[in-house]
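Coordinates from data-v3.cif are shown below (mmCIF, C-alpha atoms and all ligand atoms).
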```
data_coords
loop_
_atom_site.group_PDB
_atom_site.id
_atom_site.type_symbol
_atom_site.label_atom_id
_atom_site.label_comp_id
_atom_site.auth_asym_id
_atom_site.auth_seq_id
_atom_site.Cartn_x
_atom_site.Cartn_y
_atom_site.Cartn_z
ATOM 1 C CA MET A 1333 28.895 -35.973 18.131
ATOM 2 C CA ASN A 1334 28.452 -33.171 20.592
ATOM 3 C CA LEU A 1335 25.882 -30.462 19.720
ATOM 4 C CA LYS A 1336 27.641 -27.997 21.979
ATOM 5 C CA SER A 1337 30.792 -28.316 19.983
ATOM 6 C CA ASN A 1338 28.961 -27.852 16.703
ATOM 7 C CA PRO A 1339 26.912 -24.632 16.763
ATOM 8 C CA ALA A 1340 25.918 -25.021 13.096
ATOM 9 C CA ILE A 1341 24.157 -28.330 13.688
ATOM 10 C CA ALA A 1342 22.576 -26.995 16.872
ATOM 11 C CA ALA A 1343 21.221 -24.011 14.917
ATOM 12 C CA ILE A 1344 19.799 -26.266 12.198
ATOM 13 C CA CYS A 1345 18.066 -28.382 14.853
ATOM 14 C CA ILE A 1346 16.506 -25.322 16.503
ATOM 15 C CA VAL A 1347 15.334 -23.871 13.187
ATOM 16 C CA SER A 1348 13.782 -27.094 11.926
ATOM 17 C CA PHE A 1349 12.124 -27.790 15.276
ATOM 18 C CA SER A 1350 10.504 -24.348 15.394
ATOM 19 C CA ALA A 1351 9.434 -24.724 11.764
ATOM 20 C CA PHE A 1352 7.832 -28.063 12.659
ATOM 21 C CA LEU A 1353 6.094 -26.472 15.659
ATOM 22 C CA SER A 1354 4.619 -23.575 13.704
ATOM 23 C CA LEU A 1355 3.530 -25.894 10.891
ATOM 24 C CA SER A 1356 1.779 -28.280 13.253
ATOM 25 C CA LEU A 1357 -0.014 -25.371 14.921
ATOM 26 C CA GLN A 1358 -1.113 -23.876 11.623
ATOM 27 C CA GLN A 1359 -4.729 -24.160 10.609
ATOM 28 C CA LYS A 1360 -5.393 -26.676 7.903
ATOM 29 C CA PRO A 1361 -7.866 -25.646 5.211
ATOM 30 C CA TRP A 1362 -11.439 -25.977 6.386
ATOM 31 C CA PRO A 1363 -13.666 -26.600 3.381
ATOM 32 C CA VAL A 1364 -17.206 -25.264 3.571
ATOM 33 C CA PRO A 1365 -19.949 -26.649 1.267
ATOM 34 C CA ASP A 1366 -21.018 -24.058 -1.318
ATOM 35 C CA ALA A 1367 -24.638 -24.047 -0.138
ATOM 36 C CA ALA A 1368 -23.531 -23.162 3.394
ATOM 37 C CA LYS A 1369 -20.996 -20.617 2.135
ATOM 38 C CA ASN A 1370 -23.633 -18.752 0.119
ATOM 39 C CA LYS A 1371 -26.281 -18.649 2.843
ATOM 40 C CA LYS A 1372 -27.509 -15.110 3.419
ATOM 41 C CA ASN A 1373 -27.300 -13.636 6.899
ATOM 42 C CA PRO A 1374 -30.938 -12.984 7.953
ATOM 43 C CA VAL A 1375 -29.858 -10.845 10.909
ATOM 44 C CA ALA A 1376 -29.103 -7.211 9.979
ATOM 45 C CA LEU A 1377 -25.631 -5.977 10.758
ATOM 46 C CA ASN A 1378 -26.354 -3.220 13.265
ATOM 47 C CA ASP A 1379 -25.399 -2.127 16.762
ATOM 48 C CA ALA A 1380 -28.160 -4.223 18.340
ATOM 49 C CA SER A 1381 -27.174 -7.522 16.715
ATOM 50 C CA ILE A 1382 -23.463 -6.834 17.339
ATOM 51 C CA ALA A 1383 -24.289 -6.260 21.019
ATOM 52 C CA SER A 1384 -26.207 -9.545 21.373
ATOM 53 C CA GLY A 1385 -23.411 -11.351 19.516
ATOM 54 C CA LYS A 1386 -20.892 -9.822 21.879
ATOM 55 C CA ALA A 1387 -22.766 -11.183 24.914
ATOM 56 C CA LEU A 1388 -22.756 -14.708 23.441
ATOM 57 C CA TRP A 1389 -19.089 -14.317 22.532
ATOM 58 C CA GLY A 1390 -18.252 -13.589 26.177
ATOM 59 C CA THR A 1391 -20.038 -16.758 27.291
ATOM 60 C CA HIS A 1392 -18.999 -19.257 24.630
ATOM 61 C CA CYS A 1393 -16.029 -18.079 22.580
ATOM 62 C CA LYS A 1394 -13.784 -15.680 24.482
ATOM 63 C CA SER A 1395 -12.045 -18.437 26.469
ATOM 64 C CA CYS A 1396 -10.263 -19.643 23.331
ATOM 65 C CA HIS A 1397 -10.554 -16.826 20.796
ATOM 66 C CA GLY A 1398 -9.847 -13.975 23.212
ATOM 67 C CA THR A 1399 -11.843 -10.790 23.818
ATOM 68 C CA LYS A 1400 -10.834 -9.262 20.508
ATOM 69 C CA GLY A 1401 -10.663 -12.478 18.481
ATOM 70 C CA LEU A 1402 -6.877 -12.543 18.373
ATOM 71 C CA GLY A 1403 -6.807 -16.211 19.410
ATOM 72 C CA ASP A 1404 -5.306 -15.363 22.789
ATOM 73 C CA GLY A 1405 -7.982 -16.564 25.215
ATOM 74 C CA PRO A 1406 -6.892 -18.335 28.445
ATOM 75 C CA LYS A 1407 -7.641 -21.765 26.940
ATOM 76 C CA ALA A 1408 -5.721 -21.065 23.716
ATOM 77 C CA SER A 1409 -2.426 -22.449 25.038
ATOM 78 C CA GLN A 1410 -4.001 -25.876 25.673
ATOM 79 C CA LEU A 1411 -5.240 -26.230 22.090
ATOM 80 C CA SER A 1412 -3.344 -28.208 19.508
ATOM 81 C CA THR A 1413 -4.772 -26.033 16.705
ATOM 82 C CA ASP A 1414 -4.299 -22.309 16.338
ATOM 83 C CA PRO A 1415 -7.742 -20.687 16.723
ATOM 84 C CA GLY A 1416 -6.601 -17.986 14.291
ATOM 85 C CA ASP A 1417 -6.726 -14.218 14.297
ATOM 86 C CA PHE A 1418 -10.201 -12.922 13.482
ATOM 87 C CA THR A 1419 -8.973 -9.377 12.823
ATOM 88 C CA LYS A 1420 -7.092 -10.585 9.738
ATOM 89 C CA THR A 1421 -8.309 -9.936 6.207
ATOM 90 C CA SER A 1422 -8.036 -13.670 5.410
ATOM 91 C CA PHE A 1423 -10.669 -14.312 8.092
ATOM 92 C CA GLN A 1424 -12.807 -11.275 7.362
ATOM 93 C CA THR A 1425 -13.073 -12.105 3.659
ATOM 94 C CA GLU A 1426 -14.817 -15.397 4.492
ATOM 95 C CA THR A 1427 -18.552 -15.219 3.817
ATOM 96 C CA ASP A 1428 -21.094 -14.865 6.631
ATOM 97 C CA GLY A 1429 -22.341 -18.303 5.598
ATOM 98 C CA ALA A 1430 -18.887 -19.850 6.072
ATOM 99 C CA LEU A 1431 -18.494 -18.357 9.555
ATOM 100 C CA PHE A 1432 -22.007 -19.551 10.470
ATOM 101 C CA TYR A 1433 -21.192 -23.058 9.223
ATOM 102 C CA LYS A 1434 -17.878 -23.308 11.095
ATOM 103 C CA THR A 1435 -19.424 -22.011 14.328
ATOM 104 C CA SER A 1436 -22.340 -24.434 14.020
ATOM 105 C CA GLU A 1437 -20.390 -27.547 13.011
ATOM 106 C CA GLY A 1438 -17.014 -27.121 14.680
ATOM 107 C CA ARG A 1439 -13.935 -29.246 14.011
ATOM 108 C CA ASP A 1440 -11.308 -30.834 16.276
ATOM 109 C CA ASP A 1441 -10.614 -28.328 19.089
ATOM 110 C CA MET A 1442 -13.338 -26.004 17.842
ATOM 111 C CA PRO A 1443 -16.633 -27.127 19.370
ATOM 112 C CA GLY A 1444 -19.805 -27.074 17.247
ATOM 113 C CA PHE A 1445 -22.436 -24.767 18.682
ATOM 114 C CA LYS A 1446 -25.606 -25.763 16.814
ATOM 115 C CA THR A 1447 -27.018 -27.552 19.908
ATOM 116 C CA LYS A 1448 -25.516 -25.287 22.578
ATOM 117 C CA ILE A 1449 -26.808 -22.189 20.799
ATOM 118 C CA ALA A 1450 -30.133 -23.521 19.530
ATOM 119 C CA ASN A 1451 -31.446 -20.337 17.937
ATOM 120 C CA ALA A 1452 -29.766 -19.974 14.555
ATOM 121 C CA ASN A 1453 -30.260 -16.210 14.683
ATOM 122 C CA ASP A 1454 -28.017 -16.097 17.741
ATOM 123 C CA ILE A 1455 -25.233 -17.680 15.689
ATOM 124 C CA TRP A 1456 -25.865 -15.125 12.927
ATOM 125 C CA ALA A 1457 -25.594 -12.393 15.580
ATOM 126 C CA LEU A 1458 -22.241 -13.937 16.577
ATOM 127 C CA VAL A 1459 -21.183 -13.690 12.934
ATOM 128 C CA ASN A 1460 -22.058 -9.974 13.031
ATOM 129 C CA TYR A 1461 -20.009 -9.593 16.192
ATOM 130 C CA MET A 1462 -17.037 -11.342 14.532
ATOM 131 C CA ARG A 1463 -17.302 -8.775 11.717
ATOM 132 C CA SER A 1464 -16.789 -6.007 14.260
ATOM 133 C CA LEU A 1465 -13.427 -7.536 15.177
ATOM 134 C CA LYS A 1466 -12.038 -6.476 11.827
ATOM 135 C CA LYS A 1467 -9.037 -4.164 11.930
ATOM 136 C CA GLY A 1468 -10.332 -0.597 11.916
ATOM 137 C CA GLY A 1469 -13.844 -1.764 12.790
ATOM 138 C CA ILE A 1470 -16.926 -2.009 10.590
ATOM 139 C CA THR A 1471 -19.683 0.315 9.513
ATOM 140 C CA PRO A 1472 -23.031 -1.122 10.619
ATOM 141 C CA THR A 1473 -25.739 -0.985 7.953
ATOM 142 C CA THR A 1474 -27.759 1.353 10.213
ATOM 143 C CA PRO A 1475 -26.878 4.719 8.732
ATOM 144 C CA THR A 1476 -25.150 7.143 11.018
ATOM 145 C CA THR A 1477 -25.350 10.887 10.481
ATOM 146 C CA PRO A 1478 -22.314 12.062 8.609
ATOM 147 C CA THR A 1479 -19.910 13.945 10.798
ATOM 148 C CA THR A 1480 -19.302 17.571 9.977
ATOM 149 C CA PRO A 1481 -16.167 17.872 7.929
ATOM 150 C CA VAL A 1482 -13.113 18.711 9.969
ATOM 151 C CA LYS A 1483 -11.938 22.209 9.242
ATOM 152 C CA ASP A 1484 -8.906 22.253 7.122
ATOM 153 C CA THR A 1485 -6.213 23.064 9.649
ATOM 154 C CA VAL A 1486 -3.409 22.258 7.303
ATOM 155 C CA LYS A 1487 -1.999 25.480 5.965
ATOM 156 C CA LYS A 1488 -2.235 25.551 2.277
ATOM 157 C CA VAL A 1489 1.198 25.324 0.862
ATOM 158 C CA GLU A 1490 1.917 28.578 -0.854
ATOM 159 C CA LYS A 1491 2.457 28.209 -4.493
ATOM 160 C CA PRO A 1492 6.129 28.617 -5.211
ATOM 161 C CA VAL A 1493 6.823 31.711 -7.248
ATOM 162 C CA VAL A 1494 8.204 30.522 -10.482
ATOM 163 C CA VAL A 1495 10.495 33.086 -11.961
ATOM 164 C CA THR A 1496 10.236 32.822 -15.670
ATOM 165 C CA PRO A 1497 12.548 34.935 -17.747
ATOM 166 C CA PRO A 1498 10.636 37.313 -20.016
ATOM 167 C CA PRO A 1499 10.290 35.887 -23.445
ATOM 168 C CA VAL A 1500 12.970 37.146 -25.726
ATOM 169 C CA LYS A 1501 11.350 39.278 -28.352
ATOM 170 C CA LYS A 1502 12.314 38.150 -31.747
ATOM 171 C CA ASP A 1503 12.852 41.634 -33.123
ATOM 172 C CA THR A 1504 15.203 42.626 -30.293
ATOM 173 C CA LEU A 1505 17.559 39.944 -31.389
ATOM 174 C CA LYS A 1506 20.339 41.498 -33.354
ATOM 175 C CA LYS A 1507 19.869 40.220 -36.760
ATOM 176 C CA GLU A 1508 23.232 39.609 -38.181
ATOM 177 C CA ASN A 1509 23.441 41.369 -41.440
ATOM 178 C CA PRO A 1510 23.871 38.727 -43.965
ATOM 179 C CA PRO A 1511 27.096 39.317 -45.820
ATOM 180 C CA VAL A 1512 26.375 40.769 -49.181
ATOM 181 C CA ILE A 1513 28.641 38.280 -50.725
ATOM 182 C CA LYS A 1514 29.570 35.194 -48.915
ATOM 183 C CA PRO A 1515 33.306 34.639 -49.239
ATOM 184 C CA GLU A 1516 32.917 31.013 -50.110
ATOM 185 C CA THR A 1517 30.768 31.962 -53.056
ATOM 186 C CA LEU A 1518 33.649 33.989 -54.526
ATOM 187 C CA THR A 1519 35.948 32.387 -56.947
ATOM 188 C CA VAL A 1520 39.645 32.374 -56.199
ATOM 189 C CA GLN A 1521 40.203 34.976 -58.894
ATOM 190 C CA GLU A 1522 37.625 37.320 -57.412
ATOM 191 C CA GLN A 1523 39.183 36.951 -53.971
ATOM 192 C CA ILE A 1524 42.598 37.875 -55.350
ATOM 193 C CA THR A 1525 41.201 40.993 -57.022
ATOM 194 C CA ARG A 1526 39.481 42.012 -53.787
ATOM 195 C CA LEU A 1527 42.695 41.519 -51.827
ATOM 196 C CA ALA A 1528 44.592 43.491 -54.463
ATOM 197 C CA THR A 1529 42.227 46.469 -54.166
ATOM 198 C CA ARG A 1530 42.549 46.305 -50.398
ATOM 199 C CA VAL A 1531 46.344 46.279 -50.677
ATOM 200 C CA ASP A 1532 46.079 49.259 -53.085
ATOM 201 C CA SER A 1533 43.991 51.295 -50.644
ATOM 202 C CA LEU A 1534 46.382 50.437 -47.804
ATOM 203 C CA GLU A 1535 49.314 51.467 -49.962
ATOM 204 C CA ARG A 1536 47.612 54.767 -50.677
ATOM 205 C CA LEU A 1537 46.946 55.279 -46.973
ATOM 206 C CA LEU A 1538 50.557 54.508 -46.200
ATOM 207 C CA ASN A 1539 51.731 56.948 -48.836
ATOM 208 C CA SER A 1540 49.551 59.727 -47.445
ATOM 209 C CA VAL A 1541 50.897 59.058 -43.966
ATOM 210 C CA LYS A 1542 54.439 59.161 -45.370
ATOM 211 C CA ALA A 1543 53.670 62.491 -47.102
ATOM 212 C CA ARG A 1544 52.322 63.894 -43.840
ATOM 213 C CA VAL A 1545 55.441 62.760 -41.985
ATOM 214 C CA ASP A 1546 57.572 64.493 -44.665
ATOM 215 C CA THR A 1547 55.774 67.800 -44.129
ATOM 216 C CA LEU A 1548 56.522 67.585 -40.392
ATOM 217 C CA LYS A 1549 60.201 67.149 -40.925
HETATM 218 C C1 LIG B 1601 -12.235 -24.655 23.072
HETATM 219 C C2 LIG B 1601 -11.757 -23.547 22.296
HETATM 220 C C3 LIG B 1601 -12.733 -22.833 21.387
HETATM 221 C C4 LIG B 1601 -13.945 -22.288 21.690
HETATM 222 C C5 LIG B 1601 -14.654 -22.260 23.012
HETATM 223 C C6 LIG B 1601 -14.414 -21.690 20.471
HETATM 224 N N1 LIG B 1601 -13.533 -21.902 19.453
HETATM 225 FE FE1 LIG B 1601 -13.747 -21.305 17.559
HETATM 226 N N2 LIG B 1601 -12.029 -22.236 17.082
HETATM 227 C C7 LIG B 1601 -11.189 -22.897 17.948
HETATM 228 C C8 LIG B 1601 -10.109 -23.501 17.225
HETATM 229 C C9 LIG B 1601 -8.966 -24.294 17.800
HETATM 230 C C10 LIG B 1601 -10.314 -23.182 15.875
HETATM 231 C C11 LIG B 1601 -9.470 -23.622 14.663
HETATM 232 C C12 LIG B 1601 -10.068 -24.914 14.207
HETATM 233 C C13 LIG B 1601 -9.407 -25.521 12.996
HETATM 234 O O1 LIG B 1601 -8.915 -24.768 12.143
HETATM 235 O O2 LIG B 1601 -9.446 -26.731 12.876
HETATM 236 C C14 LIG B 1601 -11.511 -22.382 15.818
HETATM 237 C C15 LIG B 1601 -12.057 -21.877 14.656
HETATM 238 C C16 LIG B 1601 -13.164 -21.084 14.596
HETATM 239 C C17 LIG B 1601 -13.677 -20.491 13.378
HETATM 240 C C18 LIG B 1601 -13.070 -20.650 11.989
HETATM 241 C C19 LIG B 1601 -11.890 -19.729 11.862
HETATM 242 C C20 LIG B 1601 -11.374 -19.559 10.439
HETATM 243 O O3 LIG B 1601 -10.235 -19.092 10.319
HETATM 244 O O4 LIG B 1601 -12.093 -19.856 9.488
HETATM 245 C C21 LIG B 1601 -14.764 -19.752 13.729
HETATM 246 C C22 LIG B 1601 -15.621 -18.939 12.799
HETATM 247 C C23 LIG B 1601 -14.911 -19.894 15.155
HETATM 248 N N3 LIG B 1601 -13.925 -20.701 15.636
HETATM 249 C C24 LIG B 1601 -15.918 -19.282 15.866
HETATM 250 C C25 LIG B 1601 -16.144 -19.540 17.186
HETATM 251 C C26 LIG B 1601 -17.265 -18.974 17.897
HETATM 252 C C27 LIG B 1601 -18.275 -18.006 17.312
HETATM 253 C C28 LIG B 1601 -17.201 -19.473 19.139
HETATM 254 C C29 LIG B 1601 -18.173 -19.253 20.266
HETATM 255 C C30 LIG B 1601 -19.562 -19.451 19.975
HETATM 256 C C31 LIG B 1601 -16.017 -20.319 19.219
HETATM 257 N N4 LIG B 1601 -15.410 -20.323 18.026
HETATM 258 C C32 LIG B 1601 -15.616 -21.014 20.352
HETATM 259 C C33 LIG B 1601 -11.391 -23.016 19.308
HETATM 260 C C34 LIG B 1601 -12.489 -22.600 19.999
#
```

Final structure tokens representation of the file:
Amino acid sequence: MNLKSNPAIAAICIVSFSAFLSLSLQQKPWPVPDAAKNKKNPVALNDASIASGKALWGTHCKSCHGTKGLGDGPKASQLSTDPGDFTKTSFQTETDGALFYKTSEGRDDMPGFKTKIANANDIWALVNYMRSLKKGGITPTTPTTPTTPVKDTVKKVEKPVVVTPPPVKKDTLKKENPPVIKPETLTVQEQITRLATRVDSLERLLNSVKARVDTLK
């Protein structure tokens, strides 16, 4: 079979190969013993410790992890494991103890630094530096003076004038005079008598008009 003549099969091959590639490059879970995970960082998170961590980072870590911890250092392409992106929440939510443990012990392509960086506090300072790689940065524990609030430059949106119709006064409403006698309450007989009187008065009116017409003749 010729792949060129069958684009569908060629596409499937490309997709599954790239899936295999990304899977093989993905980090496998790196378990950290609970005791190591819960170790407290003895080095305060402040500008000074971040600065000393940064210096060590430049010497020992940058080549693989990149200046900003994105995993894009010059050596990264030669690694068979993805060094990861240290700006990510998934990395930043790891405990200080876990980052200290992984940096000290290492695994596969990641060298262990407990002999190269003999002073444990230097590794803790590196942990503090890795915290500063977080998206949006970190707030060191050293308090900084609060900045003066920025003047509100946004024009306050004028309240829309809501036109409400004046409330209809109850007494201005024409009260419909209730009919003295509701027609439906009248019996058929009563209605006939009423109609008869009406016919009578109309007859009388007609007669008077006739009489008037006669006088004009
Ligand atoms: C030779 C390349 C290389 C150097 C140098 C290197 N790393 Fe790594 N690092 C890796 C690789 C690859 C991984 C991923 C290892 C794995 O998951 O098996 C890693 C993983 C890590 C992790 C764990 C990441 C996670 O997602 O939990 C930490 C923390 C770390 N490195 C810190 C450091 C520090 C700090 C330094 C410098 C003192 C350093 N690394 C130097 C290659 C390197």

Within 7 Å of ligand LIG 1601 (chain B), counting only C-alpha atoms and all ligand atoms, residues as a compact mmCIF listing (two decimals) with C-alpha atoms, in the coordinates of the input:
```txt
# COMPACT_ATOMS: atom_id res chain seq x y z
CA GLN A 1359 -4.73 -24.16 10.61
CA LYS A 1360 -5.39 -26.68 7.90
CA TRP A 1362 -11.44 -25.98 6.39
CA LEU A 1388 -22.76 -14.71 23.44
CA TRP A 1389 -19.09 -14.32 22.53
CA HIS A 1392 -19.00 -19.26 24.63
CA CYS A 1393 -16.03 -18.08 22.58
CA LYS A 1394 -13.78 -15.68 24.48
CA SER A 1395 -12.04 -18.44 26.47
CA CYS A 1396 -10.26 -19.64 23.33
CA HIS A 1397 -10.55 -16.83 20.80
CA LYS A 1407 -7.64 -21.76 26.94
CA ALA A 1408 -5.72 -21.06 23.72
CA LEU A 1411 -5.24 -26.23 22.09
CA THR A 1413 -4.77 -26.03 16.70
CA ASP A 1414 -4.30 -22.31 16.34
CA PRO A 1415 -7.74 -20.69 16.72
CA GLY A 1416 -6.60 -17.99 14.29
CA PHE A 1418 -10.20 -12.92 13.48
CA PHE A 1423 -10.67 -14.31 8.09
CA LEU A 1431 -18.49 -18.36 9.56
CA PHE A 1432 -22.01 -19.55 10.47
CA LYS A 1434 -17.88 -23.31 11.10
CA THR A 1435 -19.42 -22.01 14.33
CA ARG A 1439 -13.94 -29.25 14.01
CA ASP A 1440 -11.31 -30.83 16.28
CA ASP A 1441 -10.61 -28.33 19.09
CA MET A 1442 -13.34 -26.00 17.84
CA PRO A 1443 -16.63 -27.13 19.37
CA PHE A 1445 -22.44 -24.77 18.68
CA LEU A 1458 -22.24 -13.94 16.58
CA VAL A 1459 -21.18 -13.69 12.93
```

* Asked: atom CA of Ser1540 of chain A and atom CA of Gln1521 of chain A are how many Å apart?
  ->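 That distance, rounded to one decimal, is 28.8 Å.
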
List the spatial neighbours of Thr1427 of chain A as a PDB file with C-alpha atoms, in the frame of the given file - criterion: any atom at most 8 Å away, all atoms listed in the file, same-chain residues fewer than 3 positions off excluded.
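Written out: out.pdb:
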```pdb
ATOM      1  CA  LYS A1369     -20.996 -20.617   2.135  1.00  0.00           C
ATOM      2  CA  ASN A1370     -23.633 -18.752   0.119  1.00  0.00           C
ATOM      3  CA  GLN A1424     -12.807 -11.275   7.362  1.00  0.00           C
ATOM      4  CA  ALA A1430     -18.887 -19.850   6.072  1.00  0.00           C
ATOM      5  CA  LEU A1431     -18.494 -18.357   9.555  1.00  0.00           C
TER       6      LEU A1431
END
```

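Atom CA of Thr1391 of chain A is found 20.8 Å from atom CA of Asp1428 of chain A.
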
* To do: Given the file shown, determine the residues that the PyMOL selection byres (((chain A and resi 1460) around 12) and not hetatm) selects; report them as a PyMOL selection string.
  => chain A and resi 1373-1389+1424+1427-1429+1431-1432+1453-1459+1461-1466+1469-1473

Using the selection just defined, write its residues with C-alpha atoms as a PDB file, keeping the file's coordinate frame.
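Result written to again39.pdb:
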```pdb
ATOM      1  CA  ASN A1373     -27.300 -13.636   6.899  1.00  0.00           C
ATOM      2  CA  PRO A1374     -30.938 -12.984   7.953  1.00  0.00           C
ATOM      3  CA  VAL A1375     -29.858 -10.845  10.909  1.00  0.00           C
ATOM      4  CA  ALA A1376     -29.103  -7.211   9.979  1.00  0.00           C
ATOM      5  CA  LEU A1377     -25.631  -5.977  10.758  1.00  0.00           C
ATOM      6  CA  ASN A1378     -26.354  -3.220  13.265  1.00  0.00           C
ATOM      7  CA  ASP A1379     -25.399  -2.127  16.762  1.00  0.00           C
ATOM      8  CA  ALA A1380     -28.160  -4.223  18.340  1.00  0.00           C
ATOM      9  CA  SER A1381     -27.174  -7.522  16.715  1.00  0.00           C
ATOM     10  CA  ILE A1382     -23.463  -6.834  17.339  1.00  0.00           C
ATOM     11  CA  ALA A1383     -24.289  -6.260  21.019  1.00  0.00           C
ATOM     12  CA  SER A1384     -26.207  -9.545  21.373  1.00  0.00           C
ATOM     13  CA  GLY A1385     -23.411 -11.351  19.516  1.00  0.00           C
ATOM     14  CA  LYS A1386     -20.892  -9.822  21.879  1.00  0.00           C
ATOM     15  CA  ALA A1387     -22.766 -11.183  24.914  1.00  0.00           C
ATOM     16  CA  LEU A1388     -22.756 -14.708  23.441  1.00  0.00           C
ATOM     17  CA  TRP A1389     -19.089 -14.317  22.532  1.00  0.00           C
ATOM     18  CA  GLN A1424     -12.807 -11.275   7.362  1.00  0.00           C
ATOM     19  CA  THR A1427     -18.552 -15.219   3.817  1.00  0.00           C
ATOM     20  CA  ASP A1428     -21.094 -14.865   6.631  1.00  0.00           C
ATOM     21  CA  GLY A1429     -22.341 -18.303   5.598  1.00  0.00           C
ATOM     22  CA  LEU A1431     -18.494 -18.357   9.555  1.00  0.00           C
ATOM     23  CA  PHE A1432     -22.007 -19.551  10.470  1.00  0.00           C
ATOM     24  CA  ASN A1453     -30.260 -16.210  14.683  1.00  0.00           C
ATOM     25  CA  ASP A1454     -28.017 -16.097  17.741  1.00  0.00           C
ATOM     26  CA  ILE A1455     -25.233 -17.680  15.689  1.00  0.00           C
ATOM     27  CA  TRP A1456     -25.865 -15.125  12.927  1.00  0.00           C
ATOM     28  CA  ALA A1457     -25.594 -12.393  15.580  1.00  0.00           C
ATOM     29  CA  LEU A1458     -22.241 -13.937  16.577  1.00  0.00           C
ATOM     30  CA  VAL A1459     -21.183 -13.690  12.934  1.00  0.00           C
ATOM     31  CA  TYR A1461     -20.009  -9.593  16.192  1.00  0.00           C
ATOM     32  CA  MET A1462     -17.037 -11.342  14.532  1.00  0.00           C
ATOM     33  CA  ARG A1463     -17.302  -8.775  11.717  1.00  0.00           C
ATOM     34  CA  SER A1464     -16.789  -6.007  14.260  1.00  0.00           C
ATOM     35  CA  LEU A1465     -13.427  -7.536  15.177  1.00  0.00           C
ATOM     36  CA  LYS A1466     -12.038  -6.476  11.827  1.00  0.00           C
ATOM     37  CA  GLY A1469     -13.844  -1.764  12.790  1.00  0.00           C
ATOM     38  CA  ILE A1470     -16.926  -2.009  10.590  1.00  0.00           C
ATOM     39  CA  THR A1471     -19.683   0.315   9.513  1.00  0.00           C
ATOM     40  CA  PRO A1472     -23.031  -1.122  10.619  1.00  0.00           C
ATOM     41  CA  THR A1473     -25.739  -0.985   7.953  1.00  0.00           C
TER      42      THR A1473
END
```

* Can you work out the spacing between atom CA of Lys1420 of chain A and atom CA of Ala1450 of chain A in Å, to one decimal? => 28.2 Å
